[in-house]
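Undergrad: Here it is: the structure, laid out below.
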Amino acid sequence: MNEKVEQIGDLFGPDVLYRLAERQAGYLTARQAIATGMPRSTLAHHGRPRGRLQPVSRGVYRLRNFPPSPHEHIVAGWLRTPPSADAVVSHQSALELHDLSDIIADQIHVSVPRNRRRKAVPGLTLHVTQLPILAKERREILGLPVTSVERTILDLLRDSSPNEQIELAISQALRRGLSTRRRLALTAAAFPKTTHHHLAAMLERISSRDTQHQEHSARHRRTA
């Protein structure tokens with residue numbers, strides 16, 4: 001029996017496991033592995049102590065010796081959500097994946113539609129949204145569905161008090177070409193008026209600071 005498992009293990013060996021895990025920061029689920037035709041016995045064989053797969057949580061594995069990623073905790077968290085939940089990485093976690101925040105949130109934030117089946121998952125904050133996350137508001141990062149820069153910022157403005165972290169994220173997104181004022185305004189159209197006001201106020205402050213910086217730079221060049 002063990003010899004048979006070893007032979008099947010060769011068919012579903014490092015190459016198959018690597019292809020599954022490489023786009024997800026080295027992680028995969030039992031469901032994903034079985035979907036390739038891998039027998040459960042072979043998966044258990046790879047998940048044994050010192051095997052190719054390191055069990056992380058129920059049904060989630062990490063490819064042993066895969067290079068670490070600064071965002072792999074988000075991947076591991078999202079993989080614990082059931083496919084039926086249609087969970088999308090959002091809010092602070094999406095901000096982190098877009099490289100618009102230096103703050104690592106204590107919880108992994110995901111948004112799920114109101115009409116989808118869901119249950120609490122330890123370590124995850126589920127944001128139940130009545131505003132559908134459209135296809136144009138989704139991106140793929142590390143193999144995960146992630147809210148776009150614009151949707152991420154608007155979700156944060158709607159669901160939390162305006163703060164320096166959000167304003168800094170907007171400023172960086174504009175400066176780095178990750179978003180534009182027009183795209184932010186178009187996305188904001190579906191949000192409550194209070195969210196519009198918060199966005200407008202932040203954009204005005206950002207413009208004021210940019211103008212002051214340009215004027216200062218111009219004076220410095222004239223006196224140099």
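Each chain of the structure tokens is named A, B, ... in the order shown, its residues numbered from 1; ligands are numbered from 1 in display order.
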Running DSSP on the backbone, which parts of region 63-132 of chain A land in alpha helix (DSSP H), as a list in words?

TA: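 The residues of region 63-132 of chain A classed as alpha helix (DSSP H) are Glu72, His73, Ile74, Val75, Ala76, Gly77, Trp78, His91, Gln92, Ser93, Ala94, Leu95, Glu96 and Leu97 of chain A.
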
Undergrad: Would you kindly return, as a count of residues only, each protein, DNA or RNA residue with an atom no farther than 8 Å from any atom of Ser90 (chain A), considering only C-alpha atoms and excluding same-chain residues fewer than 2 positions away?

TA: 12

Undergrad: Could you give me, as a PyMOL selection string, the residues within 7 Å of Val60 (chain A), counting only C-alpha atoms and dropping anything in the same chain fewer than 5 positions from it?

TA: chain A and resi 28-30+55+79-80

Undergrad: With all heavy atoms kept, could you save the residues just selected as a PDB file, in the first residue's frame?

TA:
ATOM      1  N   LEU A  28      -1.739  26.353  -0.686  1.00  0.00           N
ATOM      2  CA  LEU A  28      -2.797  25.704  -1.441  1.00  0.00           C
ATOM      3  C   LEU A  28      -3.754  25.051  -0.461  1.00  0.00           C
ATOM      4  O   LEU A  28      -3.419  24.846   0.708  1.00  0.00           O
ATOM      5  CB  LEU A  28      -2.242  24.675  -2.413  1.00  0.00           C
ATOM      6  CG  LEU A  28      -1.649  23.377  -1.838  1.00  0.00           C
ATOM      7  CD1 LEU A  28      -1.721  22.263  -2.873  1.00  0.00           C
ATOM      8  CD2 LEU A  28      -0.198  23.595  -1.437  1.00  0.00           C
ATOM      9  N   THR A  29      -4.926  24.717  -0.954  1.00  0.00           N
ATOM     10  CA  THR A  29      -5.910  24.053  -0.112  1.00  0.00           C
ATOM     11  C   THR A  29      -6.072  22.604  -0.547  1.00  0.00           C
ATOM     12  O   THR A  29      -5.734  22.229  -1.687  1.00  0.00           O
ATOM     13  CB  THR A  29      -7.284  24.741  -0.200  1.00  0.00           C
ATOM     14  OG1 THR A  29      -7.805  24.594  -1.537  1.00  0.00           O
ATOM     15  CG2 THR A  29      -7.172  26.220   0.144  1.00  0.00           C
ATOM     16  N   ALA A  30      -6.597  21.814   0.361  1.00  0.00           N
ATOM     17  CA  ALA A  30      -6.891  20.421   0.026  1.00  0.00           C
ATOM     18  C   ALA A  30      -7.875  20.365  -1.129  1.00  0.00           C
ATOM     19  O   ALA A  30      -7.749  19.527  -2.034  1.00  0.00           O
ATOM     20  CB  ALA A  30      -7.463  19.709   1.253  1.00  0.00           C
ATOM     21  N   PRO A  55       1.129  21.469   6.970  1.00  0.00           N
ATOM     22  CA  PRO A  55      -0.230  21.874   7.333  1.00  0.00           C
ATOM     23  C   PRO A  55      -0.217  23.193   8.109  1.00  0.00           C
ATOM     24  O   PRO A  55       0.574  23.386   9.028  1.00  0.00           O
ATOM     25  CB  PRO A  55      -0.714  20.718   8.223  1.00  0.00           C
ATOM     26  CG  PRO A  55       0.169  19.556   7.853  1.00  0.00           C
ATOM     27  CD  PRO A  55       1.502  20.154   7.527  1.00  0.00           C
ATOM     28  N   LEU A  79      -7.592  31.812   2.101  1.00  0.00           N
ATOM     29  CA  LEU A  79      -7.800  30.422   1.688  1.00  0.00           C
ATOM     30  C   LEU A  79      -8.680  29.656   2.679  1.00  0.00           C
ATOM     31  O   LEU A  79      -9.207  28.580   2.344  1.00  0.00           O
ATOM     32  CB  LEU A  79      -6.460  29.706   1.523  1.00  0.00           C
ATOM     33  CG  LEU A  79      -5.645  30.096   0.286  1.00  0.00           C
ATOM     34  CD1 LEU A  79      -4.280  29.423   0.312  1.00  0.00           C
ATOM     35  CD2 LEU A  79      -6.386  29.748  -0.999  1.00  0.00           C
ATOM     36  N   ARG A  80      -8.845  30.187   3.877  1.00  0.00           N
ATOM     37  CA  ARG A  80      -9.700  29.523   4.862  1.00  0.00           C
ATOM     38  C   ARG A  80     -11.173  29.835   4.655  1.00  0.00           C
ATOM     39  O   ARG A  80     -12.031  29.240   5.306  1.00  0.00           O
ATOM     40  CB  ARG A  80      -9.265  29.924   6.272  1.00  0.00           C
ATOM     41  CG  ARG A  80      -7.888  29.360   6.650  1.00  0.00           C
ATOM     42  CD  ARG A  80      -7.295  30.101   7.829  1.00  0.00           C
ATOM     43  NE  ARG A  80      -8.181  30.091   8.975  1.00  0.00           N
ATOM     44  CZ  ARG A  80      -8.190  31.040   9.921  1.00  0.00           C
ATOM     45  NH1 ARG A  80      -7.363  32.076   9.824  1.00  0.00           N
ATOM     46  NH2 ARG A  80      -9.017  30.951  10.929  1.00  0.00           N
TER      47      ARG A  80
END

Undergrad: Measuring atom to atom with only C-alpha atoms, identify which of A:Ala190, A:Leu126, A:Ala200, A:Val112 is nearest to Pro83 (chain A).

TA: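 Ranking A:Ala190, A:Leu126, A:Ala200, A:Val112 by distance to Pro83 (chain A), first place goes to A:Val112.
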
Undergrad: Any idea what's packed within 9 Å of Ser179 (chain A), counting only C-alpha atoms, ignoring anything in its chain fewer than 4 positions away? Could you give it as an mmCIF file with N, CA and C atoms, in the first residue's frame?

TA:
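The file below, selection_39.cif, is the result:
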data_model
loop_
_atom_site.group_PDB
_atom_site.id
_atom_site.type_symbol
_atom_site.label_atom_id
_atom_site.label_comp_id
_atom_site.auth_asym_id
_atom_site.auth_seq_id
_atom_site.Cartn_x
_atom_site.Cartn_y
_atom_site.Cartn_z
ATOM 1 N N VAL A 149 -7.930 49.653 -6.016
ATOM 2 C CA VAL A 149 -7.477 50.769 -5.170
ATOM 3 C C VAL A 149 -8.648 51.686 -4.833
ATOM 4 N N GLU A 150 -9.447 52.021 -5.854
ATOM 5 C CA GLU A 150 -10.571 52.952 -5.632
ATOM 6 C C GLU A 150 -11.608 52.352 -4.684
ATOM 7 N N ILE A 170 -4.522 57.649 -0.254
ATOM 8 C CA ILE A 170 -5.023 58.382 -1.425
ATOM 9 C C ILE A 170 -3.896 59.169 -2.077
ATOM 10 N N ALA A 173 -1.509 56.818 -3.863
ATOM 11 C CA ALA A 173 -2.132 56.236 -5.048
ATOM 12 C C ALA A 173 -2.135 57.233 -6.205
ATOM 13 N N LEU A 174 -2.417 58.481 -5.916
ATOM 14 C CA LEU A 174 -2.420 59.509 -6.962
ATOM 15 C C LEU A 174 -1.005 59.780 -7.458
ATOM 16 N N ARG A 175 -0.071 59.895 -6.530
ATOM 17 C CA ARG A 175 1.304 60.224 -6.899
ATOM 18 C C ARG A 175 1.950 59.103 -7.712
ATOM 19 N N ARG A 183 -11.266 58.493 -11.389
ATOM 20 C CA ARG A 183 -11.645 57.122 -11.049
ATOM 21 C C ARG A 183 -12.179 57.027 -9.625
ATOM 22 N N LEU A 184 -11.600 57.775 -8.720
ATOM 23 C CA LEU A 184 -12.116 57.797 -7.341
ATOM 24 C C LEU A 184 -13.530 58.360 -7.315
#

Undergrad: Residues at most 9 Å from Asp86 (chain A), counting only C-alpha atoms, excluding those fewer than 4 positions away in the same chain, as a PDB file with all heavy atoms, in the first residue's frame?

TA:
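Written file, out_1.pdb:
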ATOM      1  N   THR A  81     -11.490  30.778   3.773  1.00  0.00           N
ATOM      2  CA  THR A  81     -12.891  31.092   3.511  1.00  0.00           C
ATOM      3  C   THR A  81     -13.450  30.104   2.499  1.00  0.00           C
ATOM      4  O   THR A  81     -12.764  29.738   1.538  1.00  0.00           O
ATOM      5  CB  THR A  81     -13.054  32.526   2.969  1.00  0.00           C
ATOM      6  OG1 THR A  81     -12.408  32.628   1.687  1.00  0.00           O
ATOM      7  CG2 THR A  81     -12.444  33.539   3.922  1.00  0.00           C
ATOM      8  N   PRO A  82     -14.677  29.655   2.670  1.00  0.00           N
ATOM      9  CA  PRO A  82     -15.259  28.708   1.711  1.00  0.00           C
ATOM     10  C   PRO A  82     -15.541  29.398   0.377  1.00  0.00           C
ATOM     11  O   PRO A  82     -15.899  30.583   0.353  1.00  0.00           O
ATOM     12  CB  PRO A  82     -16.557  28.271   2.398  1.00  0.00           C
ATOM     13  CG  PRO A  82     -16.891  29.392   3.326  1.00  0.00           C
ATOM     14  CD  PRO A  82     -15.587  29.965   3.777  1.00  0.00           C
ATOM     15  N   SER A 111     -14.418  41.061   2.238  1.00  0.00           N
ATOM     16  CA  SER A 111     -15.814  41.458   2.047  1.00  0.00           C
ATOM     17  C   SER A 111     -16.581  40.313   1.409  1.00  0.00           C
ATOM     18  O   SER A 111     -16.067  39.631   0.511  1.00  0.00           O
ATOM     19  CB  SER A 111     -15.903  42.703   1.160  1.00  0.00           C
ATOM     20  OG  SER A 111     -15.432  43.847   1.832  1.00  0.00           O
ATOM     21  N   VAL A 112     -17.804  40.108   1.878  1.00  0.00           N
ATOM     22  CA  VAL A 112     -18.654  39.053   1.330  1.00  0.00           C
ATOM     23  C   VAL A 112     -20.025  39.650   1.027  1.00  0.00           C
ATOM     24  O   VAL A 112     -20.506  40.533   1.735  1.00  0.00           O
ATOM     25  CB  VAL A 112     -18.803  37.872   2.320  1.00  0.00           C
ATOM     26  CG1 VAL A 112     -17.470  37.188   2.547  1.00  0.00           C
ATOM     27  CG2 VAL A 112     -19.373  38.337   3.652  1.00  0.00           C
ATOM     28  N   PRO A 113     -20.669  39.192  -0.057  1.00  0.00           N
ATOM     29  CA  PRO A 113     -22.006  39.696  -0.387  1.00  0.00           C
ATOM     30  C   PRO A 113     -23.008  39.324   0.691  1.00  0.00           C
ATOM     31  O   PRO A 113     -22.882  38.278   1.343  1.00  0.00           O
ATOM     32  CB  PRO A 113     -22.337  38.996  -1.718  1.00  0.00           C
ATOM     33  CG  PRO A 113     -21.037  38.502  -2.237  1.00  0.00           C
ATOM     34  CD  PRO A 113     -20.179  38.220  -1.044  1.00  0.00           C
ATOM     35  N   ARG A 116     -24.764  35.815   0.329  1.00  0.00           N
ATOM     36  CA  ARG A 116     -23.977  34.589   0.276  1.00  0.00           C
ATOM     37  C   ARG A 116     -23.874  33.940   1.657  1.00  0.00           C
ATOM     38  O   ARG A 116     -23.881  34.623   2.688  1.00  0.00           O
ATOM     39  CB  ARG A 116     -22.573  34.867  -0.252  1.00  0.00           C
ATOM     40  CG  ARG A 116     -22.524  35.170  -1.740  1.00  0.00           C
ATOM     41  CD  ARG A 116     -23.092  34.024  -2.561  1.00  0.00           C
ATOM     42  NE  ARG A 116     -22.972  34.281  -3.997  1.00  0.00           N
ATOM     43  CZ  ARG A 116     -21.998  33.817  -4.752  1.00  0.00           C
ATOM     44  NH1 ARG A 116     -21.056  33.062  -4.218  1.00  0.00           N
ATOM     45  NH2 ARG A 116     -21.966  34.086  -6.039  1.00  0.00           N
ATOM     46  N   ARG A 117     -23.753  32.625   1.632  1.00  0.00           N
ATOM     47  CA  ARG A 117     -23.596  31.872   2.868  1.00  0.00           C
ATOM     48  C   ARG A 117     -22.243  32.221   3.503  1.00  0.00           C
ATOM     49  O   ARG A 117     -21.228  32.288   2.832  1.00  0.00           O
ATOM     50  CB  ARG A 117     -23.642  30.376   2.551  1.00  0.00           C
ATOM     51  CG  ARG A 117     -23.518  29.483   3.765  1.00  0.00           C
ATOM     52  CD  ARG A 117     -23.551  28.029   3.324  1.00  0.00           C
ATOM     53  NE  ARG A 117     -23.323  27.133   4.446  1.00  0.00           N
ATOM     54  CZ  ARG A 117     -23.200  25.823   4.325  1.00  0.00           C
ATOM     55  NH1 ARG A 117     -23.290  25.268   3.124  1.00  0.00           N
ATOM     56  NH2 ARG A 117     -22.988  25.069   5.381  1.00  0.00           N
TER      57      ARG A 117
END

Undergrad: Which residues, written as a PyMOL selection string, have at least one atom at most 12 Å from Leu203 (chain A), with only C-alpha atoms counted and residues fewer than 6 positions away on the same chain left out?

TA: chain A and resi 166-174+180-182+184-185+196-197+209-210

Undergrad: Go through A:Gln165, A:Ile206, A:Pro70, A:Glu137 one by one, measure the shortest atom-to-atom distance of each to Leu186 (chain A) using only C-alpha atoms, and give the residue with the smallest value.

TA: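 With only C-alpha atoms as the atom set, the closest residue is A:Glu137.
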
Undergrad: Quick one: DSSP strand (DSSP E) residues in region 19-222 of chain A, as a PyMOL selection string?

TA: chain A and resi 27-29+53-57+60-63+88-89+108-113+124-129+138-141+144-147

Undergrad: Deliver the residues from the most recent selection as a file, using N, CA and C atoms, as a short mmCIF file (atom, residue, chain, number, x, y, z; two decimals), in the first residue's frame.

TA:
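Below you can see part_33.cif, which holds the result:
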data_model
loop_
_atom_site.label_atom_id
_atom_site.label_comp_id
_atom_site.auth_asym_id
_atom_site.auth_seq_id
_atom_site.Cartn_x
_atom_site.Cartn_y
_atom_site.Cartn_z
N TYR A 27 1.02 28.69 -0.91
CA TYR A 27 -0.08 28.04 -0.19
C TYR A 27 -1.05 27.36 -1.17
N LEU A 28 -1.74 26.35 -0.69
CA LEU A 28 -2.80 25.70 -1.44
C LEU A 28 -3.75 25.05 -0.46
N THR A 29 -4.93 24.72 -0.95
CA THR A 29 -5.91 24.05 -0.11
C THR A 29 -6.07 22.60 -0.55
N LEU A 53 4.43 19.16 2.04
CA LEU A 53 3.44 20.15 2.45
C LEU A 53 3.41 20.29 3.96
N GLN A 54 3.37 21.53 4.41
CA GLN A 54 3.30 21.82 5.84
C GLN A 54 1.87 22.25 6.18
N PRO A 55 1.13 21.47 6.97
CA PRO A 55 -0.23 21.87 7.33
C PRO A 55 -0.22 23.19 8.11
N VAL A 56 -1.09 24.12 7.70
CA VAL A 56 -1.17 25.43 8.34
C VAL A 56 -2.43 25.55 9.17
N SER A 57 -3.54 25.17 8.60
CA SER A 57 -4.83 25.13 9.28
C SER A 57 -5.66 24.06 8.59
N VAL A 60 -5.67 23.71 4.73
CA VAL A 60 -4.74 24.67 4.11
C VAL A 60 -3.31 24.21 4.37
N TYR A 61 -2.49 24.23 3.31
CA TYR A 61 -1.11 23.78 3.40
C TYR A 61 -0.17 24.85 2.83
N ARG A 62 1.08 24.78 3.31
CA ARG A 62 2.12 25.63 2.74
C ARG A 62 3.21 24.72 2.17
N LEU A 63 3.66 25.03 0.96
CA LEU A 63 4.72 24.26 0.34
C LEU A 63 6.00 24.47 1.14
N VAL A 88 -13.74 38.52 -0.96
CA VAL A 88 -12.76 39.34 -1.66
C VAL A 88 -11.93 40.08 -0.60
N VAL A 89 -10.62 40.01 -0.71
CA VAL A 89 -9.76 40.74 0.23
C VAL A 89 -10.05 42.23 0.09
N ILE A 108 -7.33 39.68 9.14
CA ILE A 108 -7.41 39.69 7.68
C ILE A 108 -8.82 40.17 7.33
N HIS A 109 -8.91 41.21 6.49
CA HIS A 109 -10.21 41.79 6.15
C HIS A 109 -10.67 41.30 4.79
N VAL A 110 -11.89 40.76 4.74
CA VAL A 110 -12.50 40.33 3.48
C VAL A 110 -13.94 40.82 3.44
N SER A 111 -14.42 41.06 2.24
CA SER A 111 -15.81 41.46 2.05
C SER A 111 -16.58 40.31 1.41
N VAL A 112 -17.80 40.11 1.88
CA VAL A 112 -18.65 39.05 1.33
C VAL A 112 -20.02 39.65 1.03
N PRO A 113 -20.67 39.19 -0.06
CA PRO A 113 -22.01 39.70 -0.39
C PRO A 113 -23.01 39.32 0.69
N LEU A 124 -10.24 36.37 10.92
CA LEU A 124 -10.75 37.13 9.77
C LEU A 124 -11.87 38.07 10.20
N THR A 125 -11.86 39.28 9.65
CA THR A 125 -12.97 40.20 9.82
C THR A 125 -13.79 40.19 8.55
N LEU A 126 -15.05 39.78 8.64
CA LEU A 126 -15.94 39.70 7.48
C LEU A 126 -16.76 40.98 7.39
N HIS A 127 -16.63 41.68 6.28
CA HIS A 127 -17.44 42.87 6.02
C HIS A 127 -18.57 42.45 5.08
N VAL A 128 -19.78 42.46 5.58
CA VAL A 128 -20.93 42.09 4.76
C VAL A 128 -21.37 43.33 3.99
N THR A 129 -21.26 43.29 2.67
CA THR A 129 -21.55 44.47 1.87
C THR A 129 -22.84 44.33 1.09
N ARG A 138 -12.42 44.60 -9.04
CA ARG A 138 -11.64 43.47 -8.52
C ARG A 138 -10.30 43.39 -9.24
N ARG A 139 -9.29 43.03 -8.50
CA ARG A 139 -7.97 42.78 -9.05
C ARG A 139 -7.50 41.42 -8.55
N GLU A 140 -6.48 40.87 -9.19
CA GLU A 140 -5.89 39.62 -8.70
C GLU A 140 -4.46 39.90 -8.25
N ILE A 141 -4.18 39.63 -6.99
CA ILE A 141 -2.85 39.81 -6.42
C ILE A 141 -2.52 38.54 -5.64
N LEU A 144 -5.19 36.02 -5.39
CA LEU A 144 -6.39 36.31 -4.60
C LEU A 144 -7.23 37.40 -5.27
N PRO A 145 -8.55 37.34 -5.10
CA PRO A 145 -9.39 38.46 -5.54
C PRO A 145 -9.26 39.59 -4.51
N VAL A 146 -8.95 40.77 -4.99
CA VAL A 146 -8.69 41.92 -4.10
C VAL A 146 -9.46 43.12 -4.65
N THR A 147 -10.05 43.92 -3.78
CA THR A 147 -10.73 45.12 -4.24
C THR A 147 -9.73 46.09 -4.87
#

Undergrad: How many Å lie between CA of Asp159 (chain A) and CA of Ser101 (chain A), rounded to one decimal?

TA: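 Rounded to one decimal, the two atoms are 17.2 Å apart.
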
Undergrad: One decimal, in Å: what's the spacing between CA of His71 (chain A) and CA of Leu97 (chain A)?

TA: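 Computing the Euclidean distance for CA of His71 (chain A) and CA of Leu97 (chain A) yields 7.0 Å.
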
Undergrad: In Å, how far is it from CA of Leu43 (chain A) to CA of Val75 (chain A)?

TA: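 Those two atoms sit 20.0 Å apart.
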
Undergrad: When distances are computed from only C-alpha atoms, which of A:Asn163, A:Ser207, A:Gln24, A:Asn115 shows the smallest separation from Pro68 (chain A)?

TA: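 Comparing A:Asn163, A:Ser207, A:Gln24, A:Asn115 against Pro68 (chain A), the winner is A:Gln24.
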